[in-house]
>>> print(open('protein02.txt').read())   # compact mmCIF, C-alpha atoms
# COMPACT_ATOMS: atom_id res chain seq x y z
CA MET K 1 146.80 81.20 139.53
CA LYS K 2 143.83 81.37 137.17
CA THR K 3 143.83 85.13 137.30
CA SER K 4 147.56 85.22 136.56
CA TYR K 5 147.29 83.09 133.42
CA GLU K 6 144.35 85.15 132.16
CA LEU K 7 146.32 88.34 132.67
CA TRP K 8 149.42 86.84 131.06
CA ILE K 9 147.59 85.59 127.96
CA GLY K 10 145.65 88.86 127.62
CA ALA K 11 148.89 90.86 127.91
CA ARG K 12 150.56 88.57 125.35
CA TYR K 13 147.73 89.09 122.87
CA ALA K 14 148.01 92.84 123.47
CA GLY K 15 151.72 92.64 122.64
CA LEU K 16 152.72 93.65 126.18
CA ALA K 17 154.11 90.32 127.40
CA ARG K 18 157.14 88.41 126.17
CA VAL K 19 157.17 84.72 125.32
CA LYS K 20 160.20 82.46 125.50
CA HIS K 21 159.82 81.02 122.01
CA GLY K 22 159.90 83.15 118.89
CA ARG K 23 156.60 84.60 117.80
CA GLY K 24 154.89 83.19 114.79
CA ARG K 25 153.61 85.29 111.95
CA ARG K 26 150.06 85.17 113.31
CA ASP K 27 151.19 86.43 116.74
CA ARG K 28 153.05 89.32 115.12
CA PHE K 29 149.98 90.23 113.10
CA VAL K 30 147.74 90.27 116.18
CA SER K 31 150.31 92.38 118.01
CA PHE K 32 150.49 94.78 115.08
CA ILE K 33 146.76 95.43 114.95
CA ALA K 34 146.75 95.78 118.76
CA ALA K 35 149.55 98.37 118.53
CA SER K 36 147.70 100.27 115.79
CA SER K 37 144.61 100.43 118.02
CA MET K 38 146.77 101.67 120.89
CA VAL K 39 148.35 104.38 118.74
CA GLY K 40 144.91 105.48 117.49
CA ILE K 41 143.62 105.91 121.05
CA ALA K 42 146.79 107.76 122.08
CA LEU K 43 146.55 110.19 119.15
CA GLY K 44 142.87 110.88 119.81
CA VAL K 45 143.45 111.55 123.51
CA ALA K 46 146.48 113.75 122.80
CA ALA K 47 144.56 115.75 120.17
CA LEU K 48 141.71 116.37 122.63
CA ILE K 49 144.05 117.52 125.40
CA ILE K 50 146.03 119.84 123.11
CA VAL K 51 142.99 121.46 121.48
CA LEU K 52 141.06 121.99 124.72
CA SER K 53 144.18 123.34 126.44
CA VAL K 54 144.66 125.87 123.63
CA MET K 55 141.00 126.87 123.80
CA ASN K 56 141.23 127.29 127.58
CA GLY K 57 144.37 129.37 127.18
CA PHE K 58 142.75 131.47 124.48
CA GLN K 59 139.72 132.17 126.66
CA THR K 60 141.79 132.92 129.77
CA GLN K 61 144.24 135.21 128.00
CA VAL K 62 141.58 137.20 126.16
CA ARG K 63 139.51 137.48 129.35
CA ASP K 64 142.51 138.74 131.34
CA ARG K 65 143.42 141.26 128.65
CA MET K 66 139.83 142.44 128.53
CA LEU K 67 139.73 142.93 132.28
CA SER K 68 143.05 144.75 132.29
CA VAL K 69 141.12 147.58 130.63
CA LEU K 70 137.53 146.91 131.65
CA PRO K 71 136.18 146.93 135.22
CA HIS K 72 134.64 143.93 136.91
CA ILE K 73 131.41 145.86 137.59
CA GLU K 74 129.97 149.15 136.35
CA LEU K 75 127.39 151.14 138.33
CA TYR K 76 125.66 153.79 136.21
CA VAL K 77 122.56 155.97 136.13
CA PRO K 78 120.88 155.72 132.70
CA ARG K 79 119.38 158.73 130.95
CA THR K 80 121.03 161.18 133.33
CA ALA K 81 123.52 163.90 132.43
CA PRO K 82 127.08 162.87 133.38
CA ASP K 83 127.81 166.05 135.36
CA LEU K 84 124.82 165.33 137.62
CA VAL K 85 125.88 161.74 138.26
CA LEU K 86 129.51 162.74 138.92
CA GLN K 87 128.39 165.07 141.68
CA HIS K 88 127.25 162.02 143.68
CA TRP K 89 129.65 159.29 142.55
CA GLN K 90 131.42 159.21 145.94
CA GLN K 91 128.12 158.36 147.65
CA ILE K 92 127.46 155.54 145.16
CA ALA K 93 130.98 154.23 145.73
CA GLN K 94 130.54 154.45 149.50
CA ASP K 95 127.37 152.37 149.32
CA ALA K 96 129.07 149.84 147.04
CA LYS K 97 131.98 149.43 149.47
CA LYS K 98 129.56 147.96 151.99
CA ASN K 99 130.03 144.75 150.03
CA LYS K 100 133.20 143.06 151.30
CA GLU K 101 134.16 141.86 147.80
CA VAL K 102 134.72 145.42 146.50
CA ARG K 103 138.43 146.30 146.38
CA GLY K 104 138.54 149.48 144.29
CA GLU K 105 136.32 152.17 142.78
CA ALA K 106 136.68 155.05 140.33
CA PRO K 107 134.33 157.39 138.42
CA PHE K 108 133.83 157.10 134.67
CA VAL K 109 132.08 158.66 131.70
CA ALA K 110 131.49 156.52 128.61
CA ALA K 111 130.44 157.66 125.14
CA GLN K 112 130.99 156.96 121.47
CA ALA K 113 132.65 159.48 119.19
CA MET K 114 134.58 159.96 115.98
CA LEU K 115 138.26 160.92 115.82
CA VAL K 116 139.41 163.01 112.88
CA ARG K 117 143.00 163.63 111.81
CA GLY K 118 143.40 165.10 108.37
CA ASP K 119 141.64 162.75 105.96
CA SER K 120 141.56 159.89 108.46
CA LEU K 121 138.44 159.09 110.42
CA SER K 122 137.99 156.48 113.16
CA GLY K 123 135.10 155.52 115.43
CA VAL K 124 136.06 155.08 119.08
CA GLN K 125 134.70 154.47 122.54
CA ILE K 126 135.66 157.35 124.79
CA ARG K 127 136.23 156.54 128.45
CA GLY K 128 136.41 159.48 130.84
CA ILE K 129 138.49 158.48 133.88
CA ASP K 130 140.16 159.95 136.93
CA PRO K 131 143.86 159.09 136.36
CA LYS K 132 144.58 159.19 140.10
CA LEU K 133 141.95 156.55 140.87
CA GLU K 134 142.04 154.47 137.68
CA ALA K 135 144.76 152.16 138.98
CA ALA K 136 142.25 150.82 141.51
CA VAL K 137 140.01 149.38 138.78
CA SER K 138 142.19 148.77 135.68
CA ASP K 139 145.78 148.27 134.57
CA VAL K 140 145.77 150.79 131.75
CA GLY K 141 148.39 152.91 133.55
CA GLY K 142 150.87 150.04 133.31
CA GLN K 143 150.11 149.48 129.63
CA MET K 144 151.33 152.86 128.47
CA THR K 145 153.90 152.56 125.68
CA ASP K 146 154.31 156.32 125.32
CA GLY K 147 153.45 159.07 127.76
CA ASN K 148 151.75 158.75 131.13
CA ILE K 149 148.14 158.27 132.20
CA ASP K 150 148.58 161.10 134.72
CA SER K 151 148.72 163.52 131.77
CA LEU K 152 144.90 163.41 131.69
CA THR K 153 144.47 166.45 133.91
CA PRO K 154 141.13 168.30 134.13
CA GLY K 155 140.76 171.04 131.51
CA SER K 156 143.80 169.93 129.50
CA PHE K 157 141.63 168.09 126.97
CA SER K 158 144.31 165.47 126.58
CA ILE K 159 143.59 162.02 125.16
CA VAL K 160 145.30 158.62 125.44
CA LEU K 161 144.82 156.39 122.39
CA GLY K 162 145.21 152.68 121.75
CA ASN K 163 148.26 151.92 119.64
CA GLN K 164 146.13 150.61 116.77
CA ILE K 165 144.05 153.81 116.64
CA ALA K 166 147.18 155.91 116.74
CA ALA K 167 148.66 153.89 113.86
CA SER K 168 145.50 154.14 111.75
CA LEU K 169 145.29 157.92 112.27
CA GLY K 170 149.04 158.39 111.91
CA VAL K 171 149.42 160.32 115.17
CA LYS K 172 151.96 160.31 117.96
CA ARG K 173 152.28 161.97 121.34
CA GLY K 174 151.94 165.75 121.03
CA ASP K 175 149.71 165.65 117.92
CA THR K 176 146.12 166.85 117.99
CA VAL K 177 142.94 165.06 116.96
CA LEU K 178 139.40 166.35 116.54
CA VAL K 179 136.75 164.60 118.62
CA LEU K 180 133.24 164.65 117.13
CA ALA K 181 130.39 163.94 119.54
CA PRO K 182 127.20 162.46 118.01
CA GLN K 183 125.20 165.29 119.59
CA GLY K 184 125.22 168.79 118.23
CA SER K 185 123.05 171.71 117.32
CA ILE K 186 120.64 172.33 114.47
CA SER K 187 120.97 175.61 112.63
CA PRO K 188 119.58 176.98 109.34
CA ALA K 189 122.71 175.51 107.72
CA GLY K 190 121.83 172.02 109.03
CA PHE K 191 123.07 169.74 111.78
CA ALA K 192 126.45 170.65 113.28
CA PRO K 193 128.09 168.01 115.51
CA ARG K 194 129.80 169.08 118.70
CA MET K 195 133.57 169.18 118.16
CA ARG K 196 136.54 169.56 120.43
CA GLN K 197 140.25 169.39 119.75
CA PHE K 198 142.23 167.05 121.99
CA THR K 199 146.00 166.66 122.33
CA VAL K 200 147.41 163.14 122.25
CA SER K 201 149.28 162.79 125.54
CA GLY K 202 149.93 159.05 125.51
CA ILE K 203 149.50 155.72 123.77
CA PHE K 204 148.65 152.40 125.41
CA SER K 205 148.74 148.77 124.30
CA SER K 206 146.57 146.23 126.12
CA GLY K 207 147.48 143.36 123.78
CA TYR K 208 143.78 142.95 122.92
CA TYR K 209 143.36 144.18 119.37
CA GLU K 210 139.70 145.17 119.60
CA TYR K 211 140.35 147.58 122.47
CA ASP K 212 143.63 148.87 121.09
CA ALA K 213 141.76 149.73 117.89
CA SER K 214 138.63 151.27 119.42
CA LEU K 215 139.30 152.68 122.90
CA ALA K 216 140.51 156.10 124.01
CA PHE K 217 140.83 157.65 127.48
CA VAL K 218 140.27 161.27 128.53
CA ASN K 219 139.77 162.99 131.86
CA PHE K 220 136.26 162.33 133.20
CA GLU K 221 135.55 166.05 133.73
CA ASP K 222 136.51 166.83 130.12
CA ALA K 223 134.35 163.94 128.93
CA ALA K 224 131.38 165.24 130.94
CA LYS K 225 131.70 168.60 129.19
CA VAL K 226 131.92 167.19 125.67
CA PHE K 227 129.29 164.47 126.11
CA ARG K 228 126.97 166.32 128.43
CA ASP K 229 123.80 165.26 126.59
CA ASN K 230 123.99 161.49 126.33
CA GLY K 231 127.21 160.17 127.89
CA THR K 232 126.82 157.36 130.43
CA SER K 233 128.49 157.92 133.78
CA GLY K 234 128.85 156.25 137.13
CA VAL K 235 131.34 154.19 139.13
CA ARG K 236 133.62 151.37 138.03
CA LEU K 237 134.43 148.66 140.57
CA ARG K 238 137.06 145.98 140.94
CA ILE K 239 136.29 143.03 143.20
CA ALA K 240 138.42 140.38 144.89
CA ASP K 241 137.19 137.44 142.78
CA MET K 242 136.22 138.25 139.21
CA GLN K 243 134.21 135.01 138.97
CA LYS K 244 131.81 136.37 141.61
CA ALA K 245 131.02 139.50 139.57
CA PRO K 246 127.43 138.46 138.61
CA GLU K 247 126.61 137.61 142.22
CA VAL K 248 128.13 140.83 143.58
CA ALA K 249 126.32 142.90 140.94
CA ARG K 250 122.98 141.41 142.01
CA GLU K 251 123.74 142.12 145.67
CA LEU K 252 124.65 145.74 144.88
CA MET K 253 121.40 146.22 142.98
CA ARG K 254 119.53 145.38 146.18
CA ILE K 255 121.32 147.95 148.36
CA LEU K 256 121.74 150.82 145.85
CA PRO K 257 119.00 153.28 144.84
CA THR K 258 116.65 152.01 142.15
CA SER K 259 117.99 154.63 139.73
CA VAL K 260 121.42 152.98 139.75
CA GLN K 261 121.95 150.04 137.40
CA ALA K 262 124.75 147.46 137.62
CA THR K 263 126.40 145.42 134.89
CA ASP K 264 129.32 143.02 135.23
CA TRP K 265 132.02 141.91 132.80
CA THR K 266 130.23 138.65 131.97
CA GLN K 267 127.17 140.60 130.78
CA ASN K 268 129.17 143.09 128.75
CA ASN K 269 130.97 140.26 126.92
CA ARG K 270 128.28 137.59 127.17
CA THR K 271 128.09 136.84 123.44
CA TRP K 272 131.83 136.31 123.09
CA PHE K 273 132.18 134.02 126.11
CA ALA K 274 129.03 132.05 125.19
CA ALA K 275 130.44 131.53 121.69
CA VAL K 276 133.76 130.29 123.10
CA GLN K 277 132.02 127.86 125.48
CA THR K 278 129.83 126.52 122.66
CA GLU K 279 132.86 126.14 120.43
CA LYS K 280 134.74 124.29 123.17
CA ARG K 281 131.88 121.83 123.68
CA MET K 282 131.55 121.23 119.96
CA MET K 283 135.31 120.72 119.56
CA PHE K 284 135.22 118.18 122.40
CA LEU K 285 132.42 116.25 120.69
CA ILE K 286 134.10 116.41 117.28
CA LEU K 287 137.52 115.37 118.51
CA ALA K 288 136.00 112.69 120.75
CA LEU K 289 134.99 111.02 117.48
CA ILE K 290 138.71 110.36 116.91
CA VAL K 291 138.77 108.37 120.14
CA ALA K 292 135.50 106.68 119.13
CA VAL K 293 137.01 105.67 115.77
CA ALA K 294 140.03 104.28 117.62
CA ALA K 295 137.65 102.36 119.90
CA PHE K 296 135.92 100.87 116.84
CA ASN K 297 139.35 99.97 115.51
CA LEU K 298 140.02 98.26 118.84
CA LEU K 299 136.75 96.36 118.55
CA SER K 300 137.57 95.14 115.05
CA SER K 301 141.10 94.16 116.09
CA LEU K 302 139.71 92.14 119.02
CA VAL K 303 137.20 90.41 116.75
CA MET K 304 140.09 89.51 114.44
CA ALA K 305 142.10 88.32 117.44
CA VAL K 306 139.21 86.09 118.54
CA LYS K 307 138.94 84.69 115.02
CA ASP K 308 142.70 84.14 114.86
CA LYS K 309 142.88 82.50 118.30
CA GLN K 310 139.93 80.12 117.95
CA SER K 311 142.21 77.09 118.25
CA ASP K 312 143.84 78.47 121.42
CA ILE K 313 140.40 79.18 122.89
CA ALA K 314 139.20 75.65 122.08
CA ILE K 315 142.31 74.10 123.68
CA LEU K 316 141.87 76.22 126.84
CA ARG K 317 138.23 75.17 127.03
CA THR K 318 139.14 71.48 126.76
CA LEU K 319 141.70 71.99 129.52
CA GLY K 320 138.94 73.23 131.83
CA ALA K 321 138.77 76.99 131.25
CA SER K 322 135.28 78.38 131.71
CA PRO K 323 133.58 80.77 129.26
CA ARG K 324 133.97 83.51 131.90
CA GLU K 325 137.73 82.96 132.03
CA ILE K 326 137.97 83.08 128.24
CA ALA K 327 136.04 86.35 128.25
CA LYS K 328 138.46 87.72 130.87
CA ILE K 329 141.42 87.09 128.55
CA PHE K 330 140.02 89.36 125.85
CA LEU K 331 138.73 91.85 128.39
CA VAL K 332 142.28 92.08 129.70
CA GLN K 333 143.66 92.45 126.17
CA GLY K 334 141.28 95.24 125.21
CA SER K 335 141.57 96.98 128.59
CA LEU K 336 145.36 96.96 128.46
CA ILE K 337 145.31 98.43 124.97
CA GLY K 338 142.87 101.13 126.12
CA VAL K 339 144.77 101.93 129.33
CA VAL K 340 148.20 102.04 127.71
CA GLY K 341 146.90 104.04 124.74
CA THR K 342 145.15 106.50 127.08
CA LEU K 343 148.24 106.92 129.27
CA LEU K 344 150.45 107.48 126.21
CA GLY K 345 147.95 110.00 124.84
CA VAL K 346 147.71 111.86 128.17
CA GLY K 347 151.49 112.00 128.46
CA PHE K 348 152.05 113.13 124.88
CA GLY K 349 149.16 115.61 125.00
CA MET K 350 150.37 117.21 128.24
CA LEU K 351 153.93 117.37 126.90
CA ILE K 352 152.73 119.34 123.87
CA ALA K 353 150.18 121.44 125.82
CA TYR K 354 152.72 122.58 128.43
CA ASN K 355 155.36 123.41 125.81
CA ILE K 356 153.19 124.87 123.07
CA GLY K 357 154.68 128.31 123.69
CA VAL K 358 158.02 126.94 122.47
CA ILE K 359 156.80 124.55 119.78
CA VAL K 360 154.53 126.92 117.84
CA PRO K 361 157.05 129.80 117.48
CA PHE K 362 159.60 127.23 116.26
CA ILE K 363 157.15 125.98 113.60
CA GLU K 364 156.28 129.57 112.64
CA ARG K 365 159.96 130.42 112.16
CA LEU K 366 160.48 127.29 110.08
CA SER K 367 157.42 127.78 107.87
CA GLY K 368 157.42 131.58 107.79
CA VAL K 369 153.66 131.59 108.52
CA HIS K 370 152.12 133.44 111.48
CA PHE K 371 149.24 131.35 112.83
CA LEU K 372 147.44 134.08 114.78
CA PRO K 373 147.01 137.46 113.05
CA GLN K 374 146.01 139.97 115.75
CA GLN K 375 143.29 141.50 113.57
CA ILE K 376 141.40 138.19 113.55
CA TYR K 377 142.21 136.45 116.84
CA PHE K 378 142.83 139.48 119.12
CA ILE K 379 146.07 137.92 120.42
CA SER K 380 149.36 137.24 118.67
CA GLU K 381 150.64 134.17 120.57
CA LEU K 382 149.07 130.73 120.84
CA PRO K 383 148.21 130.26 124.55
CA SER K 384 147.74 126.99 126.42
CA ASN K 385 146.07 126.33 129.74
CA PRO K 386 145.75 122.58 130.49
CA GLN K 387 143.07 121.99 133.10
CA LEU K 388 142.96 118.88 135.27
CA SER K 389 139.19 118.56 134.90
CA ASP K 390 139.46 118.40 131.10
CA ILE K 391 142.32 115.87 131.21
CA VAL K 392 140.44 113.61 133.64
CA THR K 393 137.26 113.82 131.54
CA ILE K 394 139.16 112.94 128.37
CA ALA K 395 140.96 110.02 130.04
CA ILE K 396 137.73 108.61 131.50
CA THR K 397 135.93 108.98 128.14
CA SER K 398 138.74 107.10 126.41
CA LEU K 399 138.79 104.32 129.01
CA VAL K 400 135.00 103.89 128.91
CA LEU K 401 134.95 103.69 125.10
CA SER K 402 137.82 101.20 125.15
CA LEU K 403 136.05 99.04 127.75
CA LEU K 404 132.81 99.08 125.77
CA ALA K 405 134.73 98.02 122.67
CA THR K 406 135.93 94.85 124.46
CA LEU K 407 132.48 93.60 125.48
CA TYR K 408 131.30 92.11 122.17
CA PRO K 409 134.60 90.34 121.27
CA SER K 410 134.83 88.93 124.80
CA TRP K 411 131.28 87.61 124.62
CA ARG K 412 131.95 86.13 121.21
CA ALA K 413 135.11 84.40 122.45
CA ALA K 414 133.26 83.00 125.47
CA SER K 415 130.44 81.63 123.31
CA LEU K 416 132.72 79.58 121.02
CA GLN K 417 132.10 75.81 121.17
CA PRO K 418 135.43 73.94 121.34
CA ALA K 419 134.07 70.86 119.60
CA GLN K 420 132.99 72.81 116.52
CA VAL K 421 136.26 74.73 116.40
CA LEU K 422 138.46 71.62 116.65
CA ARG K 423 136.33 69.78 114.08
CA HIS K 424 137.03 72.45 111.46
CA ASP K 425 140.64 73.11 112.47
>>> encode(input="protein02.txt", output="structure tokens")
Amino acid sequence: MKTSYELWIGARYAGLARVKHGRGRRDRFVSFIAASSMVGIALGVAALIIVLSVMNGFQTQVRDRMLSVLPHIELYVPRTAPDLVLQHWQQIAQDAKKNKEVRGEAPFVAAQAMLVRGDSLSGVQIRGIDPKLEAAVSDVGGQMTDGNIDSLTPGSFSIVLGNQIAASLGVKRGDTVLVLAPQGSISPAGFAPRMRQFTVSGIFSSGYYEYDASLAFVNFEDAAKVFRDNGTSGVRLRIADMQKAPEVARELMRILPTSVQATDWTQNNRTWFAAVQTEKRMMFLILALIVAVAAFNLLSSLVMAVKDKQSDIAILRTLGASPREIAKIFLVQGSLIGVVGTLLGVGFGMLIAYNIGVIVPFIERLSGVHFLPQQIYFISELPSNPQLSDIVTIAITSLVLSLLATLYPSWRAASLQPAQVLRHD
């Protein structure tokens, strides 16, 4: 019975239990400050869940769009002419397939160049590929908005451009562009870069602005001819689990010849992913301060409740309640406020996080403002990916802060001397 009355009084002070008689003004005030503490905790928890879900979605979507164009692992031979490497790429691929994680392989040639069309000039990354094998390592064939990736036949000197490059150069399928390689020849007239005219045979859109604005595909044999001096060439691999790419790359380095180097997608984009992880941690710490402020608000409201309920505490003590039981009342009050506030915040945060794809476009249409320009954020839609681990961490953090906020007021209530309180009442 003792436990039941402690729970009942604590719930009443938290505004979660009804009383038969009408509440006095003081009871309504205590309930109001308890409700404000509860709302503060709920808003802090919801804000954390929404922001971290958006950051997770942003990272996942950009990563997936990157890997729709990029391979999981690249095997290459540095400082070797592409045509020499391409003569042995099947052997490198055969050795790589000894690893059970490897699911697809295709040759490549990579180089940097300039594209010229009239007065327009654009720097690009040229990727020489085999269109028949490319589907095994990337999804670029399914991202074609005009033309077909199979148009990159050997000797045709055709080129497939990202839609942003095509727009900046003002070209469409069937137009020609001039490709300038950084290598060339030196004559009495000066340095002359190597040039070759290519015909635009297709346009792709990966949805990742940086690649759509800086990537072009040609046939790997044509690329080897144009960039025969310093192009990088080798084999691109796709594996079963992209998260195991660093481990698989290390294993391949042990079984392949020492001349072959291996890089994985986490290395090629290490700076970007490290920046996103750092930003996520910092956002968690910053937004956790909202929950901390709400916990301080809870502490102050409990201190006020103890001050307001001194007479009740003194009466309970004279009726035989122990200091421990008095402390339990305020522990129950603070814990209930923290638990209910956390549950409300988790529910509200998940409701927003799982429906952000509907809510944000509605707000954009109403305000006429586009929140995510592609040129800045690489993607045009606000993604969301709520993760159970983040939600559990946020909920536990909120509950721990709420519990800590109840300790001092509970101790203070338990230490009150009923005789002194009743003397001054």
>>> residues_around(input="protein02.txt", residues="region 168-172 of chain K", least_positions_apart="2", cutoff="8 Å", atoms="only C-alpha atoms", output="list of chain:residue names")
K:Val116, K:Arg117, K:Ser120, K:Leu121, K:Ser122, K:Gln164, K:Ile165, K:Ala166, K:Gly174, K:Asp175, K:Thr176, K:Val200, K:Gly202, K:Ile203
>>> closest_residue(input="protein02.txt", among="K:Ala111, K:Ala240, K:Leu399, K:Val179", to="Pro71 (chain K)", atoms="only C-alpha atoms")
K:Ala240
>>> residues_around(input="protein02.txt", residues="region 339-344 of chain K", least_positions_apart="2", cutoff="8 Å", atoms="all atoms listed in the file", output="list in words")
Ser37, Met38, Val39, Gly40, Ile41, Ala42, Val45, Ser335, Leu336, Ile337, Val346, Gly347, Phe348, Ala395, Ser398 and Leu399 of chain K
>>> closest_residue(input="protein02.txt", among="K:Ala47, K:Leu407, K:Met304, K:Val102", to="Asp241 (chain K)", atoms="only C-alpha atoms")
K:Val102
>>> residues_near_point(input="protein02.txt", point="(124.0, 149.1, 144.5)", cutoff="8 Å", atoms="only C-alpha atoms", output="VMD selection string")
chain K and resid 75 92 95 to 96 249 251 to 257 260 to 262
>>> closest_residue(input="protein02.txt", among="K:Val177, K:Ile396, K:Val160, K:Val358", to="Gln143 (chain K)", atoms="all atoms listed in the file")
K:Val160
>>> closest_residue(input="protein02.txt", among="K:Val276, K:Leu416, K:Val124, K:Leu401", to="Ala288 (chain K)", atoms="only C-alpha atoms")
K:Leu401
>>> closest_residue(input="protein02.txt", among="K:Phe204, K:Tyr354, K:Phe273, K:Trp411", to="Pro386 (chain K)", atoms="only C-alpha atoms")
K:Tyr354
>>> atom_distance(input="protein02.txt", atom1="CA of Gln277 (chain K)", atom2="CA of Thr60 (chain K)")
11.8 Å
>>> closest_residue(input="protein02.txt", among="K:Asn230, K:Ser389, K:Gln417, K:Ser410", to="Val303 (chain K)", atoms="only C-alpha atoms")
K:Ser410
>>> atom_distance(input="protein02.txt", atom1="CA of Ser36 (chain K)", atom2="CA of Ala295 (chain K)")
11.1 Å
